[in-house]
Every structure is written in C-alpha cells, then in structure tokens.
$ cat model-v7.cif   # mmCIF, N, CA and C atoms
data_upload
loop_
_atom_site.label_atom_id
_atom_site.label_comp_id
_atom_site.auth_asym_id
_atom_site.auth_seq_id
_atom_site.Cartn_x
_atom_site.Cartn_y
_atom_site.Cartn_z
N MET A 1 -26.11 84.89 -143.83
CA MET A 1 -27.31 85.61 -144.23
C MET A 1 -28.36 84.57 -144.63
N SER A 2 -29.58 84.70 -144.12
CA SER A 2 -30.62 83.73 -144.42
C SER A 2 -31.10 83.89 -145.86
N ALA A 3 -31.77 82.86 -146.33
CA ALA A 3 -32.28 82.88 -147.70
C ALA A 3 -33.29 84.01 -147.88
N ILE A 4 -34.05 84.31 -146.83
CA ILE A 4 -35.05 85.37 -146.92
C ILE A 4 -34.38 86.72 -147.11
N ASN A 5 -33.31 86.98 -146.35
CA ASN A 5 -32.61 88.25 -146.47
C ASN A 5 -31.91 88.38 -147.81
N ALA A 6 -31.58 87.26 -148.43
CA ALA A 6 -30.86 87.29 -149.69
C ALA A 6 -31.77 87.51 -150.89
N LEU A 7 -33.08 87.44 -150.68
CA LEU A 7 -33.99 87.64 -151.80
C LEU A 7 -33.93 89.07 -152.30
N ASN A 8 -33.83 89.23 -153.58
CA ASN A 8 -33.93 90.58 -154.14
C ASN A 8 -35.34 90.77 -154.69
N ARG A 9 -35.63 91.95 -155.13
CA ARG A 9 -36.99 92.28 -155.60
C ARG A 9 -37.43 91.37 -156.73
N ARG A 10 -36.58 91.16 -157.72
CA ARG A 10 -36.94 90.33 -158.86
C ARG A 10 -37.24 88.90 -158.41
N THR A 11 -36.40 88.36 -157.53
CA THR A 11 -36.60 87.01 -157.05
C THR A 11 -37.93 86.90 -156.32
N PHE A 12 -38.23 87.89 -155.49
CA PHE A 12 -39.47 87.81 -154.73
C PHE A 12 -40.68 87.98 -155.64
N LEU A 13 -40.59 88.86 -156.63
CA LEU A 13 -41.69 89.02 -157.57
C LEU A 13 -41.94 87.72 -158.32
N SER A 14 -40.87 87.06 -158.75
CA SER A 14 -41.06 85.79 -159.45
C SER A 14 -41.60 84.73 -158.50
N THR A 15 -41.17 84.80 -157.23
CA THR A 15 -41.71 83.87 -156.24
C THR A 15 -43.20 84.12 -156.04
N GLY A 16 -43.57 85.41 -155.96
CA GLY A 16 -44.99 85.74 -155.83
C GLY A 16 -45.79 85.26 -157.03
N ALA A 17 -45.21 85.44 -158.21
CA ALA A 17 -45.88 84.96 -159.42
C ALA A 17 -46.01 83.45 -159.40
N SER A 18 -44.96 82.78 -158.91
CA SER A 18 -45.01 81.31 -158.81
C SER A 18 -46.08 80.87 -157.83
N LEU A 19 -46.15 81.58 -156.68
CA LEU A 19 -47.16 81.26 -155.69
C LEU A 19 -48.55 81.46 -156.27
N PHE A 20 -48.73 82.56 -157.00
CA PHE A 20 -50.01 82.84 -157.63
C PHE A 20 -50.36 81.73 -158.62
N ALA A 21 -49.40 81.36 -159.46
CA ALA A 21 -49.64 80.30 -160.45
C ALA A 21 -49.92 78.97 -159.78
N THR A 22 -49.18 78.68 -158.70
CA THR A 22 -49.40 77.44 -157.97
C THR A 22 -50.79 77.43 -157.35
N GLY A 23 -51.17 78.56 -156.75
CA GLY A 23 -52.51 78.65 -156.17
C GLY A 23 -53.58 78.45 -157.23
N ALA A 24 -53.38 79.07 -158.39
CA ALA A 24 -54.33 78.91 -159.48
C ALA A 24 -54.36 77.46 -159.95
N SER A 25 -53.20 76.83 -160.02
CA SER A 25 -53.17 75.44 -160.49
C SER A 25 -53.86 74.52 -159.49
N PHE A 26 -53.77 74.83 -158.19
CA PHE A 26 -54.44 74.00 -157.20
C PHE A 26 -55.95 74.13 -157.32
N MET A 27 -56.41 75.23 -157.91
CA MET A 27 -57.84 75.39 -158.11
C MET A 27 -58.31 74.59 -159.32
N VAL A 28 -57.44 74.36 -160.29
CA VAL A 28 -57.79 73.68 -161.53
C VAL A 28 -57.47 72.19 -161.47
N LEU A 29 -56.33 71.84 -160.89
CA LEU A 29 -55.88 70.45 -160.90
C LEU A 29 -56.88 69.44 -160.33
N PRO A 30 -57.57 69.74 -159.23
CA PRO A 30 -58.50 68.74 -158.69
C PRO A 30 -59.57 68.34 -159.69
N ASN A 31 -60.08 69.30 -160.44
CA ASN A 31 -61.12 68.97 -161.43
C ASN A 31 -60.55 68.14 -162.57
N LEU A 32 -59.34 68.48 -163.03
CA LEU A 32 -58.70 67.68 -164.08
C LEU A 32 -58.42 66.28 -163.59
N TYR A 33 -57.93 66.19 -162.37
CA TYR A 33 -57.64 64.88 -161.80
C TYR A 33 -58.92 64.07 -161.67
N ALA A 34 -59.99 64.71 -161.19
CA ALA A 34 -61.26 64.02 -161.01
C ALA A 34 -61.77 63.48 -162.34
N ALA A 35 -61.63 64.29 -163.39
CA ALA A 35 -62.08 63.84 -164.70
C ALA A 35 -61.28 62.63 -165.17
N SER A 36 -59.99 62.63 -164.89
CA SER A 36 -59.15 61.51 -165.34
C SER A 36 -59.39 60.25 -164.52
N GLN A 37 -60.01 60.39 -163.35
CA GLN A 37 -60.26 59.24 -162.48
C GLN A 37 -61.73 58.80 -162.52
N GLY A 38 -62.41 59.20 -163.56
CA GLY A 38 -63.79 58.76 -163.72
C GLY A 38 -64.78 59.53 -162.87
N GLY A 39 -64.47 60.80 -162.59
CA GLY A 39 -65.44 61.64 -161.92
C GLY A 39 -65.31 61.69 -160.41
N ALA A 40 -64.22 61.20 -159.85
CA ALA A 40 -64.03 61.30 -158.40
C ALA A 40 -64.04 62.76 -157.99
N LYS A 41 -64.59 63.03 -156.83
CA LYS A 41 -64.68 64.41 -156.35
C LYS A 41 -63.31 64.88 -155.86
N PRO A 42 -63.02 66.21 -156.02
CA PRO A 42 -61.78 66.75 -155.47
C PRO A 42 -61.70 66.45 -153.98
N GLY A 43 -60.53 66.05 -153.54
CA GLY A 43 -60.34 65.71 -152.14
C GLY A 43 -60.62 64.24 -151.87
N ALA A 44 -61.01 63.51 -152.93
CA ALA A 44 -61.29 62.10 -152.76
C ALA A 44 -60.00 61.35 -152.45
N GLU A 45 -60.15 60.20 -151.81
CA GLU A 45 -58.98 59.41 -151.45
C GLU A 45 -58.18 59.06 -152.71
N GLY A 46 -56.89 59.15 -152.62
CA GLY A 46 -56.03 58.84 -153.76
C GLY A 46 -55.59 60.08 -154.51
N GLU A 47 -56.28 61.20 -154.35
CA GLU A 47 -55.89 62.43 -155.04
C GLU A 47 -54.72 63.04 -154.30
N HIS A 48 -53.71 63.46 -155.06
CA HIS A 48 -52.58 64.12 -154.42
C HIS A 48 -51.78 64.90 -155.45
N HIS A 49 -51.00 65.81 -154.95
CA HIS A 49 -50.05 66.56 -155.77
C HIS A 49 -48.68 65.99 -155.46
N SER A 50 -47.72 66.20 -156.33
CA SER A 50 -46.41 65.63 -156.08
C SER A 50 -45.82 66.22 -154.81
N ASP A 51 -45.01 65.42 -154.14
CA ASP A 51 -44.36 65.89 -152.90
C ASP A 51 -43.50 67.11 -153.17
N ASP A 52 -42.82 67.15 -154.32
CA ASP A 52 -41.98 68.30 -154.65
C ASP A 52 -42.81 69.57 -154.80
N GLU A 53 -43.96 69.47 -155.47
CA GLU A 53 -44.84 70.63 -155.62
C GLU A 53 -45.32 71.12 -154.27
N MET A 54 -45.73 70.18 -153.43
CA MET A 54 -46.24 70.53 -152.11
C MET A 54 -45.14 71.18 -151.26
N GLN A 55 -43.95 70.60 -151.29
CA GLN A 55 -42.84 71.16 -150.50
C GLN A 55 -42.46 72.56 -150.99
N LYS A 56 -42.50 72.76 -152.31
CA LYS A 56 -42.19 74.08 -152.86
C LYS A 56 -43.23 75.10 -152.40
N CYS A 57 -44.49 74.73 -152.44
CA CYS A 57 -45.56 75.64 -152.00
C CYS A 57 -45.44 75.94 -150.51
N ILE A 58 -45.15 74.92 -149.72
CA ILE A 58 -44.98 75.13 -148.28
C ILE A 58 -43.84 76.10 -148.02
N GLN A 59 -42.71 75.90 -148.69
CA GLN A 59 -41.57 76.78 -148.49
C GLN A 59 -41.86 78.20 -148.95
N LEU A 60 -42.54 78.36 -150.08
CA LEU A 60 -42.92 79.69 -150.56
C LEU A 60 -43.81 80.41 -149.55
N CYS A 61 -44.76 79.69 -149.01
CA CYS A 61 -45.66 80.28 -148.02
C CYS A 61 -44.90 80.68 -146.76
N GLN A 62 -44.01 79.83 -146.30
CA GLN A 62 -43.25 80.15 -145.09
C GLN A 62 -42.31 81.32 -145.33
N ASP A 63 -41.67 81.37 -146.49
CA ASP A 63 -40.79 82.49 -146.82
C ASP A 63 -41.56 83.80 -146.91
N CYS A 64 -42.71 83.76 -147.54
CA CYS A 64 -43.54 84.95 -147.68
C CYS A 64 -44.01 85.43 -146.31
N HIS A 65 -44.43 84.51 -145.46
CA HIS A 65 -44.84 84.86 -144.10
C HIS A 65 -43.72 85.60 -143.37
N ALA A 66 -42.53 85.03 -143.40
CA ALA A 66 -41.40 85.64 -142.69
C ALA A 66 -41.07 87.03 -143.24
N LEU A 67 -41.08 87.15 -144.55
CA LEU A 67 -40.74 88.44 -145.17
C LEU A 67 -41.80 89.50 -144.85
N CYS A 68 -43.07 89.12 -144.87
CA CYS A 68 -44.13 90.07 -144.53
C CYS A 68 -44.01 90.53 -143.08
N VAL A 69 -43.71 89.61 -142.16
CA VAL A 69 -43.56 89.97 -140.76
C VAL A 69 -42.38 90.94 -140.58
N GLN A 70 -41.27 90.66 -141.25
CA GLN A 70 -40.12 91.57 -141.20
C GLN A 70 -40.48 92.94 -141.76
N THR A 71 -41.22 92.95 -142.84
CA THR A 71 -41.59 94.21 -143.49
C THR A 71 -42.53 95.03 -142.63
N ILE A 72 -43.41 94.37 -141.89
CA ILE A 72 -44.32 95.10 -140.99
C ILE A 72 -43.51 95.91 -140.00
N GLY A 73 -42.56 95.28 -139.33
CA GLY A 73 -41.72 95.99 -138.37
C GLY A 73 -40.95 97.13 -139.01
N HIS A 74 -40.42 96.87 -140.18
CA HIS A 74 -39.67 97.90 -140.91
C HIS A 74 -40.56 99.09 -141.27
N CYS A 75 -41.75 98.81 -141.78
CA CYS A 75 -42.67 99.89 -142.17
C CYS A 75 -43.13 100.70 -140.97
N LEU A 76 -43.37 100.03 -139.85
CA LEU A 76 -43.78 100.76 -138.65
C LEU A 76 -42.65 101.67 -138.17
N ASN A 77 -41.41 101.23 -138.30
CA ASN A 77 -40.27 102.08 -137.94
C ASN A 77 -40.12 103.27 -138.88
N LEU A 78 -40.43 103.06 -140.16
CA LEU A 78 -40.33 104.16 -141.13
C LEU A 78 -41.39 105.22 -140.89
N GLY A 79 -42.57 104.80 -140.52
CA GLY A 79 -43.67 105.73 -140.30
C GLY A 79 -44.23 106.26 -141.61
N GLY A 80 -45.02 107.31 -141.51
CA GLY A 80 -45.62 107.92 -142.70
C GLY A 80 -46.49 106.94 -143.46
N ARG A 81 -46.46 107.05 -144.79
CA ARG A 81 -47.31 106.19 -145.63
C ARG A 81 -46.97 104.72 -145.46
N HIS A 82 -45.73 104.42 -145.08
CA HIS A 82 -45.32 103.03 -144.88
C HIS A 82 -46.06 102.39 -143.70
N ALA A 83 -46.44 103.22 -142.74
CA ALA A 83 -47.12 102.72 -141.54
C ALA A 83 -48.64 102.92 -141.61
N ALA A 84 -49.15 103.23 -142.79
CA ALA A 84 -50.59 103.41 -142.94
C ALA A 84 -51.33 102.14 -142.54
N LEU A 85 -52.45 102.31 -141.87
CA LEU A 85 -53.21 101.19 -141.34
C LEU A 85 -53.54 100.14 -142.41
N GLU A 86 -54.02 100.58 -143.56
CA GLU A 86 -54.39 99.62 -144.62
C GLU A 86 -53.18 98.83 -145.13
N HIS A 87 -52.04 99.49 -145.23
CA HIS A 87 -50.81 98.81 -145.69
C HIS A 87 -50.39 97.74 -144.67
N ILE A 88 -50.37 98.12 -143.40
CA ILE A 88 -49.97 97.18 -142.35
C ILE A 88 -50.97 96.03 -142.24
N ARG A 89 -52.25 96.34 -142.35
CA ARG A 89 -53.27 95.28 -142.32
C ARG A 89 -53.08 94.28 -143.45
N LEU A 90 -52.81 94.79 -144.64
CA LEU A 90 -52.63 93.90 -145.78
C LEU A 90 -51.38 93.02 -145.60
N LEU A 91 -50.30 93.61 -145.11
CA LEU A 91 -49.10 92.82 -144.83
C LEU A 91 -49.40 91.74 -143.78
N GLN A 92 -50.14 92.12 -142.75
CA GLN A 92 -50.49 91.16 -141.70
C GLN A 92 -51.40 90.06 -142.25
N ASP A 93 -52.40 90.46 -143.06
CA ASP A 93 -53.27 89.46 -143.69
C ASP A 93 -52.46 88.49 -144.53
N CYS A 94 -51.54 89.02 -145.32
CA CYS A 94 -50.72 88.18 -146.18
C CYS A 94 -49.85 87.24 -145.34
N ALA A 95 -49.22 87.77 -144.31
CA ALA A 95 -48.36 86.95 -143.45
C ALA A 95 -49.15 85.81 -142.80
N GLU A 96 -50.28 86.16 -142.21
CA GLU A 96 -51.07 85.14 -141.51
C GLU A 96 -51.67 84.12 -142.46
N LEU A 97 -52.12 84.58 -143.61
CA LEU A 97 -52.71 83.66 -144.58
C LEU A 97 -51.65 82.71 -145.14
N CYS A 98 -50.46 83.23 -145.39
CA CYS A 98 -49.37 82.36 -145.87
C CYS A 98 -49.02 81.31 -144.83
N GLU A 99 -48.96 81.71 -143.57
CA GLU A 99 -48.66 80.75 -142.50
C GLU A 99 -49.75 79.69 -142.40
N THR A 100 -51.00 80.13 -142.45
CA THR A 100 -52.12 79.20 -142.36
C THR A 100 -52.15 78.27 -143.56
N THR A 101 -51.89 78.81 -144.75
CA THR A 101 -51.88 77.97 -145.96
C THR A 101 -50.78 76.92 -145.86
N ALA A 102 -49.61 77.31 -145.38
CA ALA A 102 -48.53 76.33 -145.19
C ALA A 102 -48.99 75.23 -144.24
N ASP A 103 -49.68 75.59 -143.17
CA ASP A 103 -50.18 74.59 -142.22
C ASP A 103 -51.17 73.63 -142.89
N TYR A 104 -52.07 74.17 -143.71
CA TYR A 104 -53.03 73.32 -144.43
C TYR A 104 -52.30 72.34 -145.34
N LEU A 105 -51.27 72.84 -146.03
CA LEU A 105 -50.49 71.99 -146.93
C LEU A 105 -49.74 70.92 -146.15
N ILE A 106 -49.13 71.30 -145.06
CA ILE A 106 -48.33 70.36 -144.26
C ILE A 106 -49.18 69.21 -143.75
N ARG A 107 -50.38 69.52 -143.29
CA ARG A 107 -51.21 68.45 -142.75
C ARG A 107 -52.08 67.76 -143.81
N GLY A 108 -51.96 68.20 -145.06
CA GLY A 108 -52.70 67.55 -146.15
C GLY A 108 -54.19 67.78 -146.09
N SER A 109 -54.60 68.95 -145.65
CA SER A 109 -56.02 69.25 -145.55
C SER A 109 -56.70 69.17 -146.92
N SER A 110 -57.91 68.66 -146.91
CA SER A 110 -58.69 68.59 -148.16
C SER A 110 -59.11 69.98 -148.61
N LEU A 111 -58.94 70.98 -147.78
CA LEU A 111 -59.30 72.36 -148.12
C LEU A 111 -58.11 73.17 -148.63
N HIS A 112 -56.97 72.54 -148.82
CA HIS A 112 -55.78 73.31 -149.18
C HIS A 112 -55.91 74.01 -150.53
N GLU A 113 -56.68 73.46 -151.47
CA GLU A 113 -56.84 74.14 -152.76
C GLU A 113 -57.49 75.51 -152.58
N ARG A 114 -58.52 75.56 -151.75
CA ARG A 114 -59.19 76.84 -151.49
C ARG A 114 -58.24 77.82 -150.81
N MET A 115 -57.49 77.32 -149.85
CA MET A 115 -56.55 78.19 -149.13
C MET A 115 -55.48 78.72 -150.07
N CYS A 116 -54.97 77.88 -150.96
CA CYS A 116 -53.94 78.33 -151.91
C CYS A 116 -54.48 79.41 -152.84
N GLY A 117 -55.70 79.25 -153.28
CA GLY A 117 -56.30 80.27 -154.16
C GLY A 117 -56.46 81.61 -153.45
N LEU A 118 -56.95 81.58 -152.22
CA LEU A 118 -57.11 82.81 -151.44
C LEU A 118 -55.75 83.41 -151.11
N CYS A 119 -54.80 82.57 -150.77
CA CYS A 119 -53.45 83.04 -150.45
C CYS A 119 -52.83 83.74 -151.66
N ALA A 120 -52.97 83.16 -152.82
CA ALA A 120 -52.42 83.77 -154.03
C ALA A 120 -53.07 85.12 -154.30
N GLU A 121 -54.37 85.22 -154.08
CA GLU A 121 -55.08 86.48 -154.29
C GLU A 121 -54.56 87.57 -153.34
N VAL A 122 -54.41 87.23 -152.07
CA VAL A 122 -53.94 88.21 -151.08
C VAL A 122 -52.48 88.57 -151.34
N CYS A 123 -51.66 87.60 -151.72
CA CYS A 123 -50.26 87.89 -152.04
C CYS A 123 -50.17 88.88 -153.21
N HIS A 124 -51.01 88.70 -154.21
CA HIS A 124 -51.02 89.60 -155.36
C HIS A 124 -51.40 91.02 -154.92
N GLN A 125 -52.42 91.14 -154.07
CA GLN A 125 -52.81 92.44 -153.55
C GLN A 125 -51.68 93.07 -152.74
N CYS A 126 -50.98 92.26 -151.98
CA CYS A 126 -49.89 92.76 -151.15
C CYS A 126 -48.74 93.27 -152.02
N VAL A 127 -48.42 92.55 -153.09
CA VAL A 127 -47.37 92.99 -154.01
C VAL A 127 -47.74 94.35 -154.60
N ASP A 128 -48.97 94.48 -155.09
CA ASP A 128 -49.42 95.74 -155.67
C ASP A 128 -49.33 96.88 -154.66
N ASN A 129 -49.76 96.61 -153.43
CA ASN A 129 -49.74 97.64 -152.40
C ASN A 129 -48.31 98.03 -152.03
N CYS A 130 -47.42 97.07 -151.90
CA CYS A 130 -46.03 97.38 -151.57
C CYS A 130 -45.36 98.18 -152.69
N LEU A 131 -45.70 97.89 -153.93
CA LEU A 131 -45.14 98.65 -155.04
C LEU A 131 -45.62 100.10 -155.00
N GLN A 132 -46.87 100.31 -154.59
CA GLN A 132 -47.41 101.67 -154.49
C GLN A 132 -46.81 102.43 -153.31
N VAL A 133 -46.68 101.78 -152.18
CA VAL A 133 -46.25 102.44 -150.95
C VAL A 133 -44.73 102.53 -150.85
N GLY A 134 -44.04 101.56 -151.41
CA GLY A 134 -42.61 101.38 -151.18
C GLY A 134 -41.69 102.53 -151.52
N GLY A 135 -41.97 103.24 -152.60
CA GLY A 135 -41.06 104.29 -153.01
C GLY A 135 -39.68 103.72 -153.28
N ASP A 136 -38.66 104.36 -152.72
CA ASP A 136 -37.29 103.91 -152.91
C ASP A 136 -36.78 103.01 -151.81
N ASP A 137 -37.63 102.66 -150.85
CA ASP A 137 -37.18 101.86 -149.72
C ASP A 137 -36.86 100.43 -150.16
N PRO A 138 -35.62 99.98 -149.95
CA PRO A 138 -35.21 98.65 -150.42
C PRO A 138 -35.95 97.49 -149.74
N MET A 139 -36.27 97.60 -148.46
CA MET A 139 -36.96 96.51 -147.77
C MET A 139 -38.37 96.33 -148.31
N VAL A 140 -39.08 97.43 -148.53
CA VAL A 140 -40.45 97.33 -149.05
C VAL A 140 -40.41 96.84 -150.50
N LYS A 141 -39.39 97.28 -151.25
CA LYS A 141 -39.23 96.79 -152.63
C LYS A 141 -38.97 95.29 -152.61
N LYS A 142 -38.17 94.82 -151.66
CA LYS A 142 -37.89 93.39 -151.56
C LYS A 142 -39.17 92.61 -151.28
N CYS A 143 -40.01 93.18 -150.42
CA CYS A 143 -41.27 92.52 -150.09
C CYS A 143 -42.18 92.46 -151.32
N ALA A 144 -42.14 93.50 -152.12
CA ALA A 144 -42.97 93.53 -153.33
C ALA A 144 -42.43 92.55 -154.33
#
$ encode --input "model-v7.cif" --output "structure tokens"
Amino acid sequence: MSAINALNRRTFLSTGASLFATGASFMVLPNLYAASQGGAKPGAEGEHHSDDEMQKCIQLCQDCHALCVQTIGHCLNLGGRHAALEHIRLLQDCAELCETTADYLIRGSSLHERMCGLCAEVCHQCVDNCLQVGGDDPMVKKCA
C-alpha cells in the first residue's frame, strides 16, 4: 500500500496545516533573511532554505497532488454533490497548483515563495470544501 493510500484524515489535515504553515513561512522568511544579511532582496544570491525543509515541501506538494487527482476520479464516480462542478474545479486547481509548486521548488525558482503562499491558500480552501461536501465518504474525508 502506498504512503498516499495509508494517509488517514487526521494525518492529511496535519499535512495540510503543515503545508499552510510552510507556505506562510516562505512568505516571511525571505524578509527576515534579507534583514539579517544587511538588506539583501528576497531571491538574492546566497538566500536559501534548508534542503530538508525544501524536500519536505516538495514531498507534501507531490502527495497532495496525487491525493487530489485520486479524489477527483472518486468524486466523479460518486456523482451528486461530490461531482459538483465547483468541487471538482477546486480539487483540480489544488492538484495542479501543488504539482506546479513542487516544480518551482525542485528547480529552485526565485518565485517559489509566492507559489507556496498561493498553494497553501488553495489547499486550505480545498480542505474546507472537502469537509463540506464529503459527508461520510472515507475517500473525501481522507482528502480533507
């Protein structure tokens, strides 16, 4: 069983919270770092986050992408409110944004802080929406 399938609702919620916190920290850290380096601009040469932090964020984004894609198929099979256009769009937005954010992190883009902040925002919206739509369905609860 893959790690994604083994995630339970609590684990995924904490992962979402971690992703949100990480995204928020990426929005704050560049300014703190710049201040400590005598005013260097965010994205300036020499600025970096630890490899462990970056790898954790990349893995979280990739896991979230995979889970959202799985949930889209599941919700479409369920039909009804689970297959509502807005719900599916939000899952797709979350999946694609997580994948794109992971790509930005992997290549060390100077724009990754912005992507992480937007990704965290969309992930939070997706969690809220899955909690509203999910009902008793275990797969949608896992996604939330």
$ residues_around --input "model-v7.cif" --residues "range 88-91 of chain A" --least-positions-apart "4" --cutoff "9 Å" --atoms "only C-alpha atoms" --output "ChimeraX atom specification"
/A:68-69,71-72,75-76,82-84,95-96,122-123,125-126,129-130
$ resolve_selection --input "model-v7.cif" --expression "the PyMOL selection byres ((chain A and resi 98) around 6.5)" --output "count of residues only"
15
$ closest_residue --input "model-v7.cif" --among "A:Ala144, A:Leu67, A:Leu105, A:Leu111" --to "Gln55 in chain A" --atoms "only N, CA and C atoms"
A:Leu105
$ atom_distance --input "model-v7.cif" --atom1 "CA of Gly135 in chain A" --atom2 "CA of Leu60 in chain A"
24.8 Å
